[in-house]
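*Asks:* start_32.tsv (TSV, C-alpha atoms) pasted underneath:
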```tsv
chain	number	residue	atom	x	y	z
L	1	MET	CA	0.00	0.00	0.00
L	2	SER	CA	1.42	3.40	-0.90
L	3	THR	CA	1.44	5.74	2.05
L	4	TYR	CA	1.91	9.49	1.95
L	5	HIS	CA	4.76	10.98	4.00
L	6	ARG	CA	4.19	14.61	4.87
L	7	PRO	CA	7.33	16.72	4.67
L	8	VAL	CA	8.41	18.62	7.81
L	9	PRO	CA	9.35	22.18	6.81
L	10	ASN	CA	12.26	23.94	8.53
L	11	THR	CA	9.72	26.42	9.84
L	12	TRP	CA	7.80	23.75	11.82
L	13	TRP	CA	8.62	25.57	15.07
L	14	LEU	CA	6.87	28.74	13.92
L	15	LYS	CA	3.51	27.00	13.60
L	16	ARG	CA	2.60	26.85	17.29
L	17	LYS	CA	3.43	29.08	20.24
L	18	PRO	CA	4.73	26.24	22.50
L	19	TYR	CA	7.27	25.31	19.80
L	20	VAL	CA	8.40	28.93	19.47
L	21	LEU	CA	8.86	29.17	23.26
L	22	PHE	CA	10.79	25.91	23.18
L	23	MET	CA	13.11	27.19	20.46
L	24	ILE	CA	13.72	30.39	22.44
L	25	ARG	CA	14.62	28.22	25.44
L	26	GLU	CA	17.09	26.31	23.26
L	27	LEU	CA	18.51	29.59	21.93
L	28	THR	CA	19.08	30.90	25.46
L	29	SER	CA	21.62	28.09	25.98
L	30	ILE	CA	23.95	29.93	23.59
L	31	PHE	CA	23.84	33.00	25.82
L	32	VAL	CA	24.38	30.92	28.97
L	33	ALA	CA	27.39	29.17	27.38
L	34	GLY	CA	28.66	32.49	25.98
L	35	TYR	CA	28.53	34.12	29.39
L	36	CYS	CA	30.43	31.22	30.94
L	37	ILE	CA	33.19	31.78	28.35
L	38	PHE	CA	33.07	35.52	29.10
L	39	LEU	CA	33.60	34.82	32.83
L	40	LEU	CA	36.63	32.66	32.02
L	41	VAL	CA	38.06	35.46	29.87
L	42	PHE	CA	37.32	37.88	32.73
L	43	VAL	CA	39.34	35.77	35.18
L	44	TYR	CA	42.13	35.42	32.62
L	45	LYS	CA	42.30	39.22	32.17
L	46	LEU	CA	42.52	39.57	35.93
L	47	THR	CA	45.73	37.55	35.89
L	48	GLN	CA	47.30	39.79	33.20
L	49	GLY	CA	48.05	42.76	35.42
L	50	ALA	CA	46.34	46.00	36.38
L	51	ASP	CA	46.70	47.77	32.99
L	52	ILE	CA	45.23	45.02	30.84
L	53	TYR	CA	42.48	44.37	33.37
L	54	GLY	CA	41.72	48.10	33.58
L	55	ASN	CA	41.44	48.39	29.80
L	56	PHE	CA	39.13	45.35	29.77
L	57	ILE	CA	36.90	46.97	32.38
L	58	ASP	CA	36.75	50.16	30.29
L	59	VAL	CA	35.59	48.12	27.28
L	60	LEU	CA	32.91	46.52	29.44
L	61	LYS	CA	31.61	49.96	30.40
L	62	SER	CA	30.89	50.90	26.78
L	63	PRO	CA	27.19	51.28	25.84
L	64	SER	CA	27.31	48.35	23.40
L	65	SER	CA	28.78	46.10	26.09
L	66	VAL	CA	26.14	47.20	28.59
L	67	ALA	CA	23.42	46.55	25.99
L	68	LEU	CA	24.83	43.07	25.27
L	69	HIS	CA	24.90	42.32	28.99
L	70	LEU	CA	21.26	43.37	29.36
L	71	ILE	CA	20.23	41.16	26.42
L	72	THR	CA	22.21	38.29	27.93
L	73	LEU	CA	20.57	38.88	31.30
L	74	ALA	CA	17.11	38.64	29.72
L	75	PHE	CA	17.95	35.36	27.97
L	76	VAL	CA	19.62	33.88	31.06
L	77	LEU	CA	16.57	34.80	33.16
L	78	TYR	CA	14.29	33.12	30.59
L	79	HIS	CA	16.56	30.06	30.66
L	80	THR	CA	16.58	29.89	34.45
L	81	ILE	CA	12.87	30.45	34.94
L	82	THR	CA	11.78	27.95	32.27
L	83	TRP	CA	14.11	25.27	33.63
L	84	PHE	CA	13.12	25.93	37.25
L	85	ASN	CA	9.50	25.57	36.22
L	86	LEU	CA	10.27	22.22	34.57
L	87	THR	CA	12.25	20.88	37.54
L	88	PRO	CA	9.22	19.51	39.47
L	89	LYS	CA	8.50	17.20	36.53
L	90	ILE	CA	11.87	15.53	37.03
L	91	LEU	CA	12.15	15.82	40.78
L	92	VAL	CA	9.06	13.87	41.80
L	93	LEU	CA	8.94	13.49	45.57
L	94	TYR	CA	6.40	11.62	47.63
L	95	LYS	CA	5.38	11.77	51.25
L	96	GLY	CA	3.63	8.43	51.65
L	97	GLU	CA	1.02	8.27	48.90
L	98	GLU	CA	0.89	12.03	48.47
L	99	ARG	CA	3.07	13.71	45.90
L	100	ILE	CA	4.82	16.81	47.20
L	101	SER	CA	3.36	19.77	45.33
L	102	GLN	CA	5.14	20.93	42.21
L	103	GLY	CA	4.94	24.52	43.45
L	104	LEU	CA	6.87	23.62	46.59
L	105	VAL	CA	9.63	21.89	44.59
L	106	ALA	CA	10.00	24.79	42.15
L	107	GLY	CA	9.64	27.29	45.00
L	108	THR	CA	12.59	25.71	46.81
L	109	PHE	CA	14.74	26.30	43.74
L	110	TYR	CA	13.58	29.92	43.47
L	111	ALA	CA	14.29	30.46	47.17
L	112	GLY	CA	17.78	28.99	46.75
L	113	TRP	CA	18.34	31.22	43.74
L	114	ILE	CA	17.37	34.32	45.71
L	115	VAL	CA	19.57	33.38	48.69
L	116	VAL	CA	22.62	32.73	46.49
L	117	SER	CA	21.98	35.96	44.54
L	118	VAL	CA	21.79	37.98	47.76
L	119	ILE	CA	25.04	36.44	49.09
L	120	VAL	CA	26.81	37.16	45.77
L	121	ALA	CA	25.43	40.71	45.71
L	122	LEU	CA	26.59	41.36	49.28
L	123	PHE	CA	30.04	39.98	48.43
L	124	VAL	CA	30.35	42.03	45.22
L	125	LEU	CA	29.11	45.22	46.85
L	126	GLY	CA	31.60	44.62	49.66
L	127	MET	CA	29.04	44.84	52.43
T	128	MET	CA	-31.84	27.29	8.27
T	129	ALA	CA	-30.08	26.00	11.37
T	130	GLU	CA	-26.56	27.15	12.09
T	131	THR	CA	-23.77	25.32	10.28
T	132	MET	CA	-20.00	24.99	10.46
T	133	LYS	CA	-17.35	24.15	7.90
T	134	LEU	CA	-14.83	21.36	8.29
T	135	GLU	CA	-11.83	21.32	6.01
T	136	ILE	CA	-10.71	17.71	5.90
T	137	PHE	CA	-7.46	16.17	4.68
T	138	ARG	CA	-8.15	13.73	1.84
T	139	TYR	CA	-5.71	11.22	0.47
T	140	ARG	CA	-6.89	8.43	-1.77
T	141	PRO	CA	-3.77	6.55	-2.91
T	142	GLU	CA	-5.58	4.79	-5.78
T	143	LYS	CA	-6.38	8.10	-7.48
T	144	GLU	CA	-3.98	10.79	-6.24
T	145	ASN	CA	-0.30	11.13	-5.36
T	146	GLU	CA	-0.71	14.24	-3.24
T	147	PRO	CA	-3.29	14.92	-0.56
T	148	THR	CA	-5.95	17.60	-0.95
T	149	PHE	CA	-8.37	19.32	1.41
T	150	GLN	CA	-12.11	18.98	1.03
T	151	THR	CA	-14.55	21.31	2.77
T	152	TYR	CA	-17.83	20.03	4.18
T	153	GLU	CA	-20.66	21.98	5.76
T	154	VAL	CA	-22.21	20.31	8.79
T	155	PRO	CA	-24.95	21.31	11.23
T	156	PHE	CA	-23.69	23.11	14.33
T	157	LEU	CA	-24.99	21.57	17.51
T	158	GLU	CA	-23.85	22.70	20.95
T	159	ASP	CA	-23.28	19.17	22.19
T	160	TRP	CA	-21.53	17.84	19.09
T	161	VAL	CA	-17.89	16.87	19.19
T	162	ILE	CA	-15.83	16.89	16.01
T	163	LEU	CA	-16.21	13.13	15.71
T	164	ASP	CA	-20.01	13.63	15.54
T	165	ALA	CA	-19.49	16.03	12.66
T	166	ILE	CA	-17.17	13.60	10.86
T	167	ASN	CA	-19.68	10.79	11.37
T	168	TYR	CA	-22.37	13.10	9.94
T	169	ILE	CA	-20.23	13.68	6.85
T	170	LYS	CA	-19.68	9.93	6.45
T	171	ASP	CA	-23.37	9.08	6.87
T	172	GLU	CA	-25.03	12.00	5.10
T	173	ILE	CA	-22.60	13.70	2.70
T	174	ASP	CA	-19.64	11.62	1.60
T	175	GLY	CA	-19.37	7.92	2.40
T	176	THR	CA	-15.86	7.72	0.95
T	177	LEU	CA	-14.27	9.56	3.90
T	178	SER	CA	-12.07	7.21	5.95
T	179	TYR	CA	-11.13	7.63	9.61
T	180	ARG	CA	-10.76	5.61	12.79
T	181	TRP	CA	-13.03	5.71	15.80
T	182	SER	CA	-14.60	3.39	18.29
T	183	CYS	CA	-15.69	4.16	21.83
T	184	GLN	CA	-16.58	7.87	21.49
T	185	MET	CA	-15.76	8.38	25.16
T	186	GLY	CA	-12.02	9.03	25.35
T	187	VAL	CA	-11.02	5.50	26.27
T	188	CYS	CA	-10.11	3.60	23.10
T	189	GLY	CA	-7.62	6.18	21.83
T	190	SER	CA	-8.38	5.53	18.16
T	191	CYS	CA	-9.89	8.84	17.00
T	192	GLY	CA	-6.84	11.08	17.38
T	193	VAL	CA	-6.44	13.68	14.62
T	194	MET	CA	-4.85	17.10	14.17
T	195	ILE	CA	-7.46	19.78	14.79
T	196	ASN	CA	-6.22	23.14	13.57
T	197	GLY	CA	-2.69	21.76	13.90
T	198	VAL	CA	-3.09	20.47	17.46
T	199	PRO	CA	-3.35	16.74	18.20
T	200	LYS	CA	-6.66	15.93	19.92
T	201	LEU	CA	-9.13	13.10	20.32
T	202	SER	CA	-11.92	14.04	17.93
T	203	CYS	CA	-14.42	12.58	20.43
T	204	ALA	CA	-13.27	15.07	23.07
T	205	ALA	CA	-13.07	18.28	21.01
T	206	PHE	CA	-16.33	20.22	20.87
T	207	LEU	CA	-17.50	22.11	17.80
T	208	LYS	CA	-18.62	24.99	20.03
T	209	ASP	CA	-15.01	25.67	21.03
T	210	TYR	CA	-14.24	26.55	17.41
T	211	TYR	CA	-17.55	28.04	16.25
T	212	PRO	CA	-18.02	29.88	13.92
T	213	ASP	CA	-14.55	29.41	12.41
T	214	LYS	CA	-13.68	26.72	9.93
T	215	ILE	CA	-12.01	23.67	11.49
T	216	ARG	CA	-9.11	21.99	9.74
T	217	VAL	CA	-8.86	18.24	10.39
T	218	GLU	CA	-5.75	16.26	9.41
T	219	PRO	CA	-4.26	12.88	10.27
T	220	LEU	CA	-1.80	12.76	13.17
T	221	THR	CA	1.49	14.46	12.32
T	222	GLY	CA	4.62	12.33	12.18
T	223	PHE	CA	2.99	9.20	10.82
T	224	PRO	CA	2.65	8.13	7.17
T	225	VAL	CA	-0.90	8.53	5.88
T	226	GLU	CA	-2.69	5.44	4.62
T	227	ARG	CA	-5.93	7.12	3.56
T	228	ASP	CA	-7.69	10.35	4.49
T	229	LEU	CA	-7.47	10.64	8.31
T	230	ILE	CA	-5.97	7.20	8.81
T	231	SER	CA	-2.32	7.11	9.87
T	232	GLN	CA	-0.13	4.06	9.53
T	233	ILE	CA	0.75	3.15	13.11
T	234	ASP	CA	2.90	0.04	12.58
T	235	ASP	CA	6.01	1.91	13.76
T	236	PHE	CA	4.39	2.77	17.09
T	237	MET	CA	3.07	-0.75	17.58
T	238	THR	CA	6.57	-2.20	17.01
T	239	LYS	CA	8.15	0.26	19.45
T	240	LEU	CA	5.47	-0.41	22.04
T	241	THR	CA	6.12	-4.15	21.80
T	242	ASN	CA	9.90	-3.72	21.95
T	243	ILE	CA	9.74	-1.77	25.20
T	244	GLN	CA	8.21	-4.85	26.91
T	245	PRO	CA	5.34	-3.05	28.67
T	246	TYR	CA	4.42	-5.84	31.06
T	247	ILE	CA	5.66	-7.15	34.40
T	248	ILE	CA	8.89	-9.07	34.03
T	249	ARG	CA	10.16	-11.20	36.90
T	250	LYS	CA	13.70	-12.50	37.23
T	251	ARG	CA	14.18	-16.09	36.23
T	252	GLY	CA	13.19	-18.30	39.13
T	253	GLU	CA	11.45	-15.50	41.02
T	254	GLU	CA	8.00	-15.89	39.51
T	255	LYS	CA	5.47	-17.00	42.04
T	256	PRO	CA	3.29	-19.99	41.19
T	257	LEU	CA	-0.28	-18.89	40.43
T	258	ASP	CA	-1.65	-20.65	43.51
T	259	GLU	CA	0.45	-18.38	45.74
T	260	GLY	CA	-1.64	-15.46	44.63
T	261	GLU	CA	-0.82	-12.03	43.32
T	262	TYR	CA	2.22	-9.88	43.97
T	263	LEU	CA	1.09	-7.47	46.65
T	264	GLN	CA	1.66	-3.75	46.48
T	265	THR	CA	1.00	-0.92	48.92
T	266	PRO	CA	-1.05	2.14	47.89
T	267	ALA	CA	2.16	4.21	48.17
T	268	GLU	CA	3.93	1.88	45.72
T	269	LEU	CA	0.98	2.10	43.34
T	270	ALA	CA	0.99	5.91	43.55
T	271	ARG	CA	4.57	6.03	42.21
T	272	PHE	CA	3.66	4.77	38.74
T	273	LYS	CA	-0.12	5.09	38.49
T	274	PRO	CA	-0.21	8.27	36.37
T	275	TYR	CA	2.00	6.59	33.74
T	276	SER	CA	-0.35	3.61	33.60
T	277	MET	CA	-3.27	5.73	32.31
T	278	CYS	CA	-1.95	5.74	28.71
T	279	ILE	CA	-4.54	4.74	26.09
T	280	ASN	CA	-2.01	4.52	23.21
T	281	CYS	CA	-3.77	7.29	21.30
T	282	MET	CA	-0.45	8.56	19.88
T	283	LEU	CA	-1.32	12.24	20.34
T	284	CYS	CA	2.02	12.59	22.12
T	285	TYR	CA	3.85	11.34	19.03
T	286	ALA	CA	1.94	13.79	16.85
T	287	ALA	CA	2.95	16.64	19.20
T	288	CYS	CA	6.60	15.63	19.26
T	289	PRO	CA	8.76	17.49	16.73
T	290	VAL	CA	11.66	15.14	17.44
T	291	TYR	CA	9.59	12.16	16.25
T	292	ALA	CA	8.37	14.08	13.19
T	293	LEU	CA	11.97	14.92	12.25
T	294	ASP	CA	13.46	11.53	13.12
T	295	SER	CA	11.11	8.58	13.36
T	296	THR	CA	13.82	6.33	14.83
T	297	PHE	CA	13.02	8.01	18.19
T	298	ILE	CA	11.22	5.49	20.37
T	299	GLY	CA	8.89	8.26	21.40
T	300	PRO	CA	6.93	9.50	24.42
T	301	ALA	CA	4.23	6.88	25.04
T	302	ALA	CA	6.46	3.82	24.61
T	303	ILE	CA	9.14	5.23	26.93
T	304	ALA	CA	6.52	6.35	29.47
T	305	LEU	CA	5.08	2.84	29.50
T	306	GLY	CA	8.54	1.36	29.93
T	307	GLN	CA	9.09	3.74	32.84
T	308	ARG	CA	5.66	2.78	34.24
T	309	TYR	CA	6.83	-0.84	34.58
T	310	ASN	CA	10.33	0.15	35.72
T	311	MET	CA	8.73	1.99	38.64
T	312	ASP	CA	6.34	-0.83	39.49
T	313	SER	CA	7.46	-2.54	42.71
T	314	ARG	CA	6.35	-5.91	41.30
T	315	ASP	CA	8.54	-5.61	38.23
T	316	GLN	CA	12.17	-6.75	37.91
T	317	GLY	CA	12.64	-6.06	34.20
T	318	ARG	CA	14.39	-2.69	34.21
T	319	ASN	CA	17.67	-4.15	32.93
T	320	ALA	CA	15.81	-5.88	30.09
T	321	ARG	CA	14.31	-2.53	28.99
T	322	GLN	CA	17.30	-0.37	29.75
T	323	GLU	CA	19.29	-1.12	26.59
T	324	LEU	CA	16.46	0.26	24.48
T	325	ILE	CA	15.34	3.06	26.81
T	326	ALA	CA	18.89	4.40	27.34
T	327	SER	CA	19.87	4.04	23.68
T	328	HIS	CA	20.45	7.02	21.42
T	329	GLU	CA	17.00	6.46	19.88
T	330	GLY	CA	15.54	6.34	23.37
T	331	ILE	CA	15.57	8.98	26.08
T	332	TRP	CA	18.65	10.84	24.82
T	333	GLU	CA	16.89	11.79	21.60
T	334	CYS	CA	14.32	13.78	23.62
T	335	THR	CA	14.98	17.52	23.86
T	336	PHE	CA	12.19	18.10	26.41
T	337	VAL	CA	9.86	20.15	24.22
T	338	GLY	CA	7.15	19.03	26.63
T	339	GLU	CA	4.24	19.12	24.19
T	340	CYS	CA	3.69	15.37	24.53
T	341	SER	CA	2.51	16.02	28.08
T	342	ALA	CA	0.52	19.12	27.13
T	343	VAL	CA	-1.64	17.24	24.59
T	344	CYS	CA	-2.06	14.00	26.57
T	345	PRO	CA	-5.80	13.43	27.16
T	346	LYS	CA	-5.04	11.28	30.22
T	347	ASP	CA	-2.44	13.49	31.96
T	348	VAL	CA	0.18	10.78	31.66
T	349	ASP	CA	3.05	13.30	31.45
T	350	PRO	CA	5.41	11.29	29.23
T	351	ALA	CA	7.88	14.20	29.15
T	352	ALA	CA	8.39	13.78	32.89
T	353	ALA	CA	8.75	10.01	32.52
T	354	ILE	CA	11.49	10.50	29.94
T	355	GLN	CA	13.40	13.07	32.00
T	356	ARG	CA	13.19	10.86	35.08
T	357	ALA	CA	14.53	7.94	33.04
T	358	LYS	CA	17.41	10.22	32.00
T	359	VAL	CA	18.18	10.89	35.67
T	360	SER	CA	18.10	7.15	36.52
T	361	SER	CA	20.30	6.30	33.53
T	362	THR	CA	22.77	9.03	34.46
T	363	ILE	CA	22.95	7.68	38.02
T	364	ASP	CA	23.58	4.21	36.54
T	365	TRP	CA	26.45	5.62	34.49
T	366	PHE	CA	28.04	7.34	37.47
T	367	LYS	CA	27.70	4.18	39.52
T	368	ASP	CA	29.41	2.19	36.78
T	369	VAL	CA	32.25	4.71	36.51
T	370	LEU	CA	32.73	5.55	40.17
T	371	ILE	CA	31.94	2.17	41.70
T	372	PRO	CA	33.00	-0.30	38.99
T	373	TRP	CA	33.18	-3.11	41.55
T	374	GLY	CA	29.55	-2.54	42.52
T	375	LYS	CA	28.02	-3.47	39.16
T	376	LYS	CA	25.02	-5.06	40.79
T	377	LYS	CA	21.94	-3.16	39.62
```
Show me, as structure tokens, the structure contained in the file I just sent.
*Replies:*
Amino acid sequence: MSTYHRPVPNTWWLKRKPYVLFMIRELTSIFVAGYCIFLLVFVYKLTQGADIYGNFIDVLKSPSSVALHLITLAFVLYHTITWFNLTPKILVLYKGEERISQGLVAGTFYAGWIVVSVIVALFVLGM
Amino acid sequence: MAETMKLEIFRYRPEKENEPTFQTYEVPFLEDWVILDAINYIKDEIDGTLSYRWSCQMGVCGSCGVMINGVPKLSCAAFLKDYYPDKIRVEPLTGFPVERDLISQIDDFMTKLTNIQPYIIRKRGEEKPLDEGEYLQTPAELARFKPYSMCINCMLCYAACPVYALDSTFIGPAAIALGQRYNMDSRDQGRNARQELIASHEGIWECTFVGECSAVCPKDVDPAAAIQRAKVSSTIDWFKDVLIPWGKKK
């Protein structure tokens, strides 16, 4: 019997909103990875002496660098929030027969995120 | 005249056409009609050549799954009133070859379902004789896997999965979820027998966690979660093998 195979166009992910959101989530990984590389470069510059590090900091203060950092921040936040929201699907915990609520599992991650962020902020601001 | 609605239905008749076409039918609009009622009306009153699958008409048999405006749904559970007065486009499930009109060829799914061994497996010599009765299980043990056991094999999850549409070697959501259902069953001892397939490249690692399989599931099975949890278990296995090579016992 001859069957018909429907082609899958490269634009399949534009056809439904959940697929678009998924592709954005995938795209954010590039920004997360890119920022990890940036942090490694940052540490490397720190080892190269005060002049080189100072010049690097000046470059980072340029408007285009600030804009890039803001864009990266938006993507990294999207990445973090979407993955935190998916975590309760993977981390399924039970208390007896009752499943521990997904909100509590995700909420624990958000709480941890806030605590770590506050500690880092206090450290960076030298308080 | 009573109110009507238009259904634009995918037609493919291999004996007379190489490419599918769409045919529009006008059906009465009734508040309590589901799309399957409208398709049955077309078959009975307008065009007897239309082919499609259906059986129970109550969301149990899992045979009437189609794409409704691009979203996989059971046609017995999708009401006309939710789309009225717009035209509704009905197509066969995405990702599967089309045999005729709304009928998908599901052999691939059936093979994968069989290969995953979705039944209780006991270790050799550890099967109880029938006269010793059933394997007992506590309500807490049942709760661990019960959601995954609600699958009706309707294949909506496959139709929602872009990974399966792009690469049909992927074992797919329902088959893996059913494998996981038995892996998590306290009466089962067959995880190792399923693991080679589940942890293969065509198994869990092909999944990119789009999550739409769970979103479209009419029985809230959550196959996406089952797959990710199987990834965690398989990763733990790997670390155990690498870090504790002398403790191979699984």
*Asks:* Got a sec: who's within 12 Å of Lys95 (chain L), counting all atoms listed in the file, leaving out chain neighbours fewer than 3 positions off, as number ranges by chain?
*Replies:* L: 92, 98-101; T: 267-268, 270-271
*Asks:* I'd like to know which of T:Lys346, T:Lys250, T:Lys170, T:Arg138 is closest to chain L, using only C-alpha atoms.
*Replies:* T:Arg138
*Asks:* Distance CA of Ile162 (chain T)-CA of Cys203 (chain T), one decimal place?
*Replies:*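 Interatomic distance, CA of Ile162 (chain T) to CA of Cys203 (chain T): 6.3 Å.
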*Asks:* Give as number ranges by chain every residue of chain L that touches chain T within 10 Å, counting only C-alpha atoms.
*Replies:* L: 1-10, 12-13, 15-16, 18-19, 21-23, 25-26, 86-99
*Asks:* Have a look at T:Ser202, T:Thr238, T:Asn319, T:Ser295 and name the one nearest to Cys188 (chain T); count only C-alpha atoms.
*Replies:*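 For Cys188 (chain T), the nearest of the given residues is T:Ser202.
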*Asks:* Taking into account only C-alpha atoms, which residue in the set T:Asp234, T:Arg314, T:Phe297, T:Gly306 is nearest to Glu253 (chain T)?
*Replies:*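 Result for the nearest residue to Glu253 (chain T): T:Arg314.
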*Asks:* Quick one: everything within 12 Å of Val32 (chain L), counting all atoms listed in the file, minus sequence neighbours fewer than 5 positions away in the same chain. Send it as a list in words.
*Replies:*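 Contacts, with the query itself left out: Arg25, Glu26, Leu27, Ile37, Phe38, Leu39, His69, Ile71, Thr72, Leu73, Ala74, Phe75, Val76, Leu77, Tyr78, His79 and Thr80 of chain L.
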*Asks:* Could you work out how far CA of Val217 (chain T) lies from CA of Val193 (chain T), giving the answer in Å with one decimal?
*Replies:*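 If I compute the distance from CA of Val193 (chain T) to CA of Val217 (chain T), I get 6.7 Å.
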*Asks:* Would you mind reading off the distance between CA of Ile169 (chain T) and CA of Ala286 (chain T), one decimal, in Å?
*Replies:*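 One can read the CA of Ile169 (chain T) to CA of Ala286 (chain T) distance as 24.3 Å.
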*Asks:* Specify the axis-aligned box that encloses all atoms of region 222-232 of chain T listed in the file after padding of 4 Å on each side, stating its centre and edge lengths in Å to one decimal as lines of an AutoDock Vina configuration file.
*Replies:*
```
center_x = -1.5
center_y = 8.2
center_z = 7.9
size_x = 20.3
size_y = 16.3
size_z = 16.6
```
*Asks:* Return the single residue from T:Ala302, T:Met194, T:Ile248, T:Cys183 that is closest to Ile325 (chain T), with distances computed using all atoms listed in the file.
*Replies:* T:Ala302
*Asks:* Counting all atoms listed in the file, what is within 10 Å of Pro345 (chain T), bar same-chain residues fewer than 6 positions away, as a list of chain:residue names?
*Replies:*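 My list of contacting residues is T:Gly186, T:Val187, T:Gly189, T:Pro199, T:Lys200, T:Leu201, T:Ala204, T:Met277, T:Cys278, T:Ile279, T:Cys281, T:Leu283, T:Cys284.
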*Asks:* With all atoms listed in the file as the counted atoms, please give the residues lying no more than 12 Å from Met132 (chain T), apart from itself and same-chain residues fewer than 5 positions off, as an mmCIF file with C-alpha atoms, keeping the file's coordinate frame.
*Replies:*
```
data_model
loop_
_atom_site.group_PDB
_atom_site.id
_atom_site.type_symbol
_atom_site.label_atom_id
_atom_site.label_comp_id
_atom_site.auth_asym_id
_atom_site.auth_seq_id
_atom_site.Cartn_x
_atom_site.Cartn_y
_atom_site.Cartn_z
ATOM 1 C CA THR T 151 -14.550 21.310 2.770
ATOM 2 C CA TYR T 152 -17.830 20.030 4.180
ATOM 3 C CA GLU T 153 -20.660 21.980 5.760
ATOM 4 C CA VAL T 154 -22.210 20.310 8.790
ATOM 5 C CA PRO T 155 -24.950 21.310 11.230
ATOM 6 C CA PHE T 156 -23.690 23.110 14.330
ATOM 7 C CA LEU T 157 -24.990 21.570 17.510
ATOM 8 C CA GLU T 158 -23.850 22.700 20.950
ATOM 9 C CA TRP T 160 -21.530 17.840 19.090
ATOM 10 C CA ILE T 162 -15.830 16.890 16.010
ATOM 11 C CA ALA T 165 -19.490 16.030 12.660
ATOM 12 C CA ILE T 166 -17.170 13.600 10.860
ATOM 13 C CA ILE T 169 -20.230 13.680 6.850
ATOM 14 C CA LEU T 207 -17.500 22.110 17.800
ATOM 15 C CA LYS T 208 -18.620 24.990 20.030
ATOM 16 C CA ASP T 209 -15.010 25.670 21.030
ATOM 17 C CA TYR T 210 -14.240 26.550 17.410
ATOM 18 C CA TYR T 211 -17.550 28.040 16.250
ATOM 19 C CA PRO T 212 -18.020 29.880 13.920
ATOM 20 C CA ASP T 213 -14.550 29.410 12.410
ATOM 21 C CA LYS T 214 -13.680 26.720 9.930
ATOM 22 C CA ILE T 215 -12.010 23.670 11.490
ATOM 23 C CA ARG T 216 -9.110 21.990 9.740
#
```
